[in-house]
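**Student:** Following this line is work-v8.cif, made up of mmCIF, C-alpha atoms:
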```cif
data_final
#
loop_
_atom_site.label_atom_id
_atom_site.label_comp_id
_atom_site.auth_asym_id
_atom_site.auth_seq_id
_atom_site.Cartn_x
_atom_site.Cartn_y
_atom_site.Cartn_z
CA MET R 148 1.14 42.34 -15.42
CA SER R 149 2.28 45.30 -13.34
CA GLY R 150 5.45 44.98 -11.32
CA ILE R 151 3.81 45.28 -7.90
CA ILE R 152 1.23 42.56 -8.61
CA ARG R 153 3.98 40.27 -9.87
CA VAL R 154 6.06 40.86 -6.72
CA LEU R 155 3.00 40.21 -4.53
CA LEU R 156 2.14 37.02 -6.39
CA LEU R 157 5.74 35.82 -6.11
CA GLY R 158 5.51 36.40 -2.34
CA VAL R 159 2.15 34.62 -2.03
CA PHE R 160 3.34 31.64 -4.08
CA GLY R 161 6.46 31.58 -1.92
CA ILE R 162 4.33 31.45 1.24
CA ILE R 163 2.20 28.60 -0.16
CA GLY R 164 5.30 26.62 -1.11
CA GLY R 165 6.96 27.52 2.19
CA VAL R 166 4.07 26.25 4.33
CA LEU R 167 4.12 22.88 2.54
CA GLY R 168 7.92 22.80 2.60
CA GLY R 169 8.05 23.59 6.31
CA MET R 170 5.69 20.71 6.92
CA GLY R 171 8.07 18.45 5.00
CA MET R 172 5.51 17.92 2.28
CA GLY R 173 7.60 19.13 -0.62
CA GLY R 174 6.67 22.73 -1.17
CA GLY R 175 8.88 23.08 -4.20
CA THR R 176 6.76 20.68 -6.18
CA LEU R 177 4.01 23.28 -5.94
CA LEU R 178 6.12 26.44 -6.07
CA ILE R 179 7.74 25.52 -9.39
CA PRO R 180 4.48 25.00 -11.38
CA LEU R 181 2.92 28.09 -9.72
CA LEU R 182 5.85 30.16 -11.00
CA THR R 183 5.91 28.65 -14.49
CA ILE R 184 2.15 28.45 -15.09
CA PHE R 185 0.92 31.73 -13.61
CA LEU R 186 3.96 33.96 -13.97
CA SER R 187 5.58 32.41 -17.07
CA VAL R 188 8.89 31.98 -15.28
CA ASN R 189 11.30 29.80 -17.28
CA GLN R 190 11.28 26.18 -16.04
CA LYS R 191 14.99 26.07 -15.20
CA LEU R 192 14.91 29.46 -13.49
CA ALA R 193 11.89 28.36 -11.42
CA GLN R 194 13.77 25.22 -10.39
CA SER R 195 16.86 27.20 -9.45
CA ILE R 196 14.81 29.70 -7.43
CA ASN R 197 13.05 26.88 -5.65
CA LEU R 198 16.33 25.23 -4.67
CA LEU R 199 17.78 28.51 -3.38
CA ALA R 200 14.61 29.76 -1.66
CA PHE R 201 14.37 26.45 0.18
CA LEU R 202 17.80 26.80 1.82
CA PRO R 203 17.21 29.57 4.43
CA MET R 204 13.65 28.35 4.97
CA SER R 205 14.76 24.82 5.71
CA ILE R 206 17.37 25.98 8.21
CA ILE R 207 14.70 27.89 10.16
CA ALA R 208 12.22 25.00 9.87
CA LEU R 209 14.92 22.60 11.08
CA ILE R 210 15.56 24.65 14.23
CA ILE R 211 11.85 24.49 15.04
CA HIS R 212 11.69 20.75 14.36
CA ALA R 213 14.84 20.14 16.42
CA LYS R 214 13.26 21.99 19.35
CA ASN R 215 10.19 19.76 18.98
CA LYS R 216 12.54 16.74 18.89
CA LYS R 217 11.33 15.59 15.50
CA ILE R 218 14.73 14.97 13.86
CA ASP R 219 16.19 11.47 13.69
CA LEU R 220 19.09 10.93 11.29
CA LYS R 221 19.81 7.33 12.23
CA ASN R 222 20.64 5.19 9.16
CA SER R 223 20.02 8.07 6.76
CA LEU R 224 23.65 8.45 5.60
CA TYR R 225 22.97 5.52 3.24
CA MET R 226 20.52 7.84 1.53
CA ILE R 227 22.30 11.18 1.88
CA ILE R 228 25.63 10.24 0.26
CA PRO R 229 24.32 8.76 -3.03
CA ALA R 230 21.61 11.44 -3.13
CA PHE R 231 24.21 14.19 -2.80
CA LEU R 232 26.33 12.82 -5.64
CA PHE R 233 23.44 12.19 -8.00
CA SER R 234 21.87 15.59 -7.33
CA ILE R 235 24.93 17.13 -8.97
CA LEU R 236 24.49 14.89 -12.01
CA GLY R 237 20.76 15.73 -12.11
CA GLY R 238 21.50 19.45 -11.90
CA TYR R 239 23.95 19.15 -14.77
CA LEU R 240 21.45 17.22 -16.91
CA ALA R 241 18.81 19.88 -16.24
CA SER R 242 21.13 22.50 -17.72
CA VAL R 243 21.60 20.42 -20.88
CA ILE R 244 17.94 19.53 -21.56
CA LYS R 245 15.69 22.05 -23.36
CA SER R 246 13.40 23.98 -20.98
CA LYS R 247 10.22 22.87 -22.80
CA LEU R 248 11.14 19.20 -22.57
CA LEU R 249 12.18 19.56 -18.93
CA ARG R 250 8.80 21.16 -18.19
CA LYS R 251 7.02 18.17 -19.77
CA PHE R 252 9.04 15.68 -17.71
CA PHE R 253 8.43 17.77 -14.63
CA GLY R 254 4.70 17.51 -15.35
CA TYR R 255 4.86 13.71 -15.52
CA PHE R 256 6.86 13.71 -12.30
CA LEU R 257 4.18 15.84 -10.59
CA ILE R 258 1.43 13.44 -11.67
CA ALA R 259 3.40 10.50 -10.26
CA LEU R 260 4.02 12.40 -7.03
CA ALA R 261 0.32 13.26 -6.67
CA PHE R 262 -0.56 9.55 -6.73
CA LEU R 263 2.34 8.61 -4.45
CA ASN R 264 1.24 11.27 -1.98
CA VAL R 265 -2.38 10.06 -1.90
CA ILE R 266 -1.33 6.42 -1.44
CA PHE R 267 1.15 7.35 1.27
CA THR R 268 -1.39 9.48 3.14
CA ILE R 269 -4.07 6.77 3.03
CA LYS R 270 -1.61 4.07 4.11
CA SER R 271 -0.10 6.04 6.98
CA ASN R 272 -3.62 6.93 8.10
CA LYS R 273 -4.68 3.30 8.35
CA LYS R 274 -1.54 2.49 10.29
CA GLY R 275 -2.15 5.39 12.67
CA LYS R 276 -5.72 4.25 13.35
CA LYS R 277 -4.59 0.74 14.22
CA LYS R 278 -2.06 2.07 16.69
CA ASN R 279 -4.54 4.38 18.36
CA MET W 978 4.61 6.66 18.85
CA GLN W 979 7.97 8.33 19.29
CA SER W 980 10.00 5.29 20.32
CA ASN W 981 13.58 5.32 19.09
CA LYS W 982 14.43 1.66 19.01
CA SER W 983 18.08 1.12 18.14
CA THR W 984 17.52 -1.03 15.11
CA SER W 985 20.39 -1.85 12.78
CA LEU W 986 19.56 -2.20 9.13
CA MET W 987 19.58 -5.47 7.22
CA VAL W 988 21.69 -5.67 4.06
CA LYS W 989 18.57 -5.59 1.89
CA GLU W 990 17.32 -2.42 3.58
CA LYS W 991 20.73 -0.78 3.30
CA PHE W 992 20.81 -1.61 -0.40
CA LEU W 993 17.30 -0.26 -0.96
CA THR W 994 18.12 2.91 0.98
CA VAL W 995 21.13 3.52 -1.27
CA ILE W 996 19.01 2.90 -4.40
CA PHE W 997 16.34 5.34 -3.20
CA GLY W 998 19.04 7.85 -2.27
CA THR W 999 20.35 7.68 -5.83
CA ILE W 1000 16.87 8.24 -7.29
CA ILE W 1001 16.03 11.02 -4.82
CA GLY W 1002 19.26 12.89 -5.57
CA PHE W 1003 18.80 12.59 -9.31
CA ILE W 1004 15.17 13.75 -9.13
CA ASN W 1005 15.95 16.68 -6.83
CA GLY W 1006 18.77 17.76 -9.13
CA ILE W 1007 17.03 17.48 -12.48
CA PHE W 1008 13.67 18.85 -11.29
CA GLY W 1009 15.04 21.33 -8.77
CA GLY W 1010 12.92 19.91 -5.97
CA GLY W 1011 10.46 17.21 -5.09
CA GLY W 1012 13.06 14.86 -3.64
CA GLY W 1013 11.74 15.50 -0.14
CA MET W 1014 8.40 13.98 -1.06
CA VAL W 1015 10.12 10.71 -1.89
CA VAL W 1016 12.36 10.90 1.18
CA VAL W 1017 9.35 10.90 3.55
CA PRO W 1018 7.93 7.46 2.61
CA VAL W 1019 11.45 5.98 2.52
CA LEU W 1020 12.17 7.21 6.05
CA HIS W 1021 8.79 6.04 7.26
CA TYR W 1022 8.56 2.60 5.68
CA LEU W 1023 12.16 1.56 5.08
CA LEU W 1024 13.86 3.16 8.07
CA LYS W 1025 10.77 2.79 10.29
CA LYS W 1026 10.69 6.35 11.60
CA PRO W 1027 7.46 7.86 12.96
CA LEU W 1028 5.51 9.95 10.45
CA LYS W 1029 6.17 13.42 11.84
CA VAL W 1030 9.83 12.55 12.43
CA SER W 1031 10.01 11.43 8.78
CA HIS W 1032 8.56 14.74 7.58
CA ALA W 1033 10.94 16.79 9.73
CA THR W 1034 14.04 14.69 9.01
CA ALA W 1035 13.32 14.83 5.27
CA ILE W 1036 14.05 18.55 5.38
CA LEU W 1037 17.48 17.98 6.92
CA ILE W 1038 18.30 15.26 4.37
CA ILE W 1039 17.24 17.31 1.39
CA LEU W 1040 19.15 20.42 2.55
CA PRO W 1041 22.73 19.43 1.49
CA ILE W 1042 21.30 17.80 -1.64
CA SER W 1043 19.46 20.96 -2.66
CA LEU W 1044 22.55 23.04 -1.89
CA ALA W 1045 24.65 20.86 -4.21
CA SER W 1046 22.24 21.13 -7.13
CA ALA W 1047 21.58 24.84 -6.46
CA ILE W 1048 25.29 25.48 -6.97
CA VAL W 1049 25.16 23.62 -10.30
CA TYR W 1050 22.20 25.78 -11.40
CA LEU W 1051 24.03 28.95 -10.35
CA ILE W 1052 27.18 27.93 -12.21
CA ASN W 1053 25.04 27.47 -15.32
CA GLY W 1054 23.62 30.97 -14.90
CA TYR W 1055 20.05 30.23 -13.84
CA PHE W 1056 19.37 33.05 -11.41
CA ASP W 1057 17.27 36.20 -11.35
CA PHE W 1058 17.38 38.36 -8.24
CA SER W 1059 14.10 40.23 -8.83
CA THR W 1060 12.21 36.92 -9.02
CA PHE W 1061 14.18 35.29 -6.25
CA LEU W 1062 13.86 37.95 -3.53
CA PRO W 1063 10.04 38.14 -3.11
CA THR W 1064 9.70 34.39 -3.55
CA GLY W 1065 12.47 33.68 -1.05
CA ILE W 1066 10.94 35.98 1.58
CA GLY W 1067 7.56 34.31 1.04
CA VAL W 1068 9.09 30.86 1.40
CA ILE W 1069 10.76 31.83 4.70
CA ILE W 1070 7.49 33.19 6.15
CA GLY W 1071 5.57 30.14 4.91
CA GLY W 1072 8.28 27.78 6.10
CA ILE W 1073 8.11 29.01 9.69
CA LEU W 1074 4.32 28.78 9.58
CA GLY W 1075 4.47 25.26 8.15
CA ALA W 1076 7.00 24.02 10.70
CA VAL W 1077 4.86 25.35 13.56
CA LEU W 1078 1.69 23.87 12.01
CA LEU W 1079 3.29 20.44 11.54
CA SER W 1080 3.72 20.01 15.27
CA LYS W 1081 0.16 21.15 16.04
CA PHE W 1082 -2.24 19.92 13.39
CA LYS W 1083 -3.23 16.80 11.57
CA ASN W 1084 -2.67 17.58 7.93
CA ASP W 1085 -4.47 14.92 5.90
CA TRP W 1086 -6.88 17.27 4.18
CA LEU W 1087 -3.92 19.40 3.18
CA ALA W 1088 -2.16 16.35 1.73
CA TYR W 1089 -5.20 15.51 -0.41
CA LEU W 1090 -5.68 19.09 -1.51
CA PHE W 1091 -1.99 19.33 -2.30
CA SER W 1092 -2.13 16.09 -4.34
CA GLY W 1093 -5.12 17.35 -6.31
CA VAL W 1094 -3.37 20.62 -7.15
CA MET W 1095 -0.20 18.71 -8.10
CA LEU W 1096 -2.18 16.44 -10.41
CA ILE W 1097 -3.78 19.40 -12.20
CA ALA W 1098 -0.47 21.28 -12.42
CA GLY W 1099 1.24 18.10 -13.64
CA ILE W 1100 -1.31 17.52 -16.40
CA TYR W 1101 -1.01 21.17 -17.43
CA ALA W 1102 2.79 21.19 -17.48
CA GLY W 1103 3.10 17.74 -19.02
CA PHE W 1104 0.46 17.86 -21.75
CA PHE W 1105 -0.25 21.51 -22.63
#
```
Kindly present the structure from the file in structure tokens form.

**Tutor:**
Amino acid sequence: MSGIIRVLLLGVFGIIGGVLGGMGMGGGTLLIPLLTIFLSVNQKLAQSINLLAFLPMSIIALIIHAKNKKIDLKNSLYMIIPAFLFSILGGYLASVIKSKLLRKFFGYFLIALAFLNVIFTIKSNKKGKKKN
Amino acid sequence: MQSNKSTSLMVKEKFLTVIFGTIIGFINGIFGGGGGMVVVPVLHYLLKKPLKVSHATAILIILPISLASAIVYLINGYFDFSTFLPTGIGVIIGGILGAVLLSKFKNDWLAYLFSGVMLIAGIYAGFF
């Protein structure tokens, strides 16, 4: 694949992931497989790029959400503190596991997320209809 | 519904929130993402936040967590500037678009489409 096409595809995949990420739908879960499947990016590198690419994007998205008064951190410290600590452990484990095995586990994780996402969307829909 | 009732958490809910936090952090670290998708239902069902608030707040929660694991990845040498730059620029453009869209549109069809693509990508990555 020529360099320019690769750069363009990286940008397009980034936009797709970014739109979902900005909506709080977990864009990285799509960006990572797009990078590994279509551009043969190494699994761990794709994960690292996703984590880093998300940082500036999420700051901008947060400013927009804050302006729309959509942020409410009440009670979430119970989640943030253990999550912060265990994300370091997870990151370390990712560096130890073989890329091929990590990619397999990531695949299983995606399948689980797909079902979780459908169930959550259907459930929150029903709830919304009742309220309206 | 945007009511911000000042509800204090029961012990059971606190405990569950900590458990989910542990899982979310571990997942986001080992898979380099995806934690936000688990944060949203936890915020919505366990902490009783409205749906759009849950989506938006999930980004703020996952930010320090992603930063922590990103540093671990960097320390271990997983970085490539020529791959990162175009992707990062794309993500910023898409992120602004997504944040604006979230406050304007109902996004169910997108959620289903997204789930379908995730399922296919998951089967591909997991079994081939």

**Student:** Counting all atoms listed in the file, which residues have an atom no more than 7 Å from (14.0, 3.2, 5.4) in the file's coordinates? Please list them as a VMD selection string.

**Tutor:** chain W and resid 990 994 1019 to 1025

**Student:** Applied to the shown file, which residues does the PyMOL selection byres ((chain R and resi 249) around 12) return, written as a PyMOL selection string?

**Tutor:** (chain R and resi 183+189-194+237-238+240-248+250-256) or (chain W and resi 1004+1006-1009+1102-1103)

**Student:** For chain W, work out the contacting residues on chain R at 6 Å, counting only C-alpha atoms, and write them as JSON, numbers by chain.

**Tutor:** {"R": [157, 158, 161, 162, 165, 166, 169, 170, 171, 172, 173, 175, 176, 192, 194, 195, 196, 198, 200, 204, 208, 217, 218, 225, 226, 229, 230, 231, 233, 234, 235, 237, 238, 241, 251, 254, 255, 257, 258, 261]}

**Student:** Could you tell me how far atom CA of R:Leu181 sits from atom CA of R:Arg153, in Å to one decimal place?

**Tutor:** 12.2 Å

**Student:** Atom CA of R:Leu177 and atom CA of R:Leu260 are how many Å apart?

**Tutor:** 10.9 Å

**Student:** Atom CA of R:Phe267 and atom CA of R:Phe201 are how many Å apart?

**Tutor:** 23.3 Å

**Student:** Around all of stretch 1045-1058 of chain W's listed atoms, make the axis-aligned box with 4 Å on each side and tell me centre and edge lengths in Å to one decimal, as JSON.

**Tutor:**
```
{"center_x": 22.2, "center_y": 29.6, "center_z": -9.8, "size_x": 17.9, "size_y": 25.5, "size_z": 19.1}
```
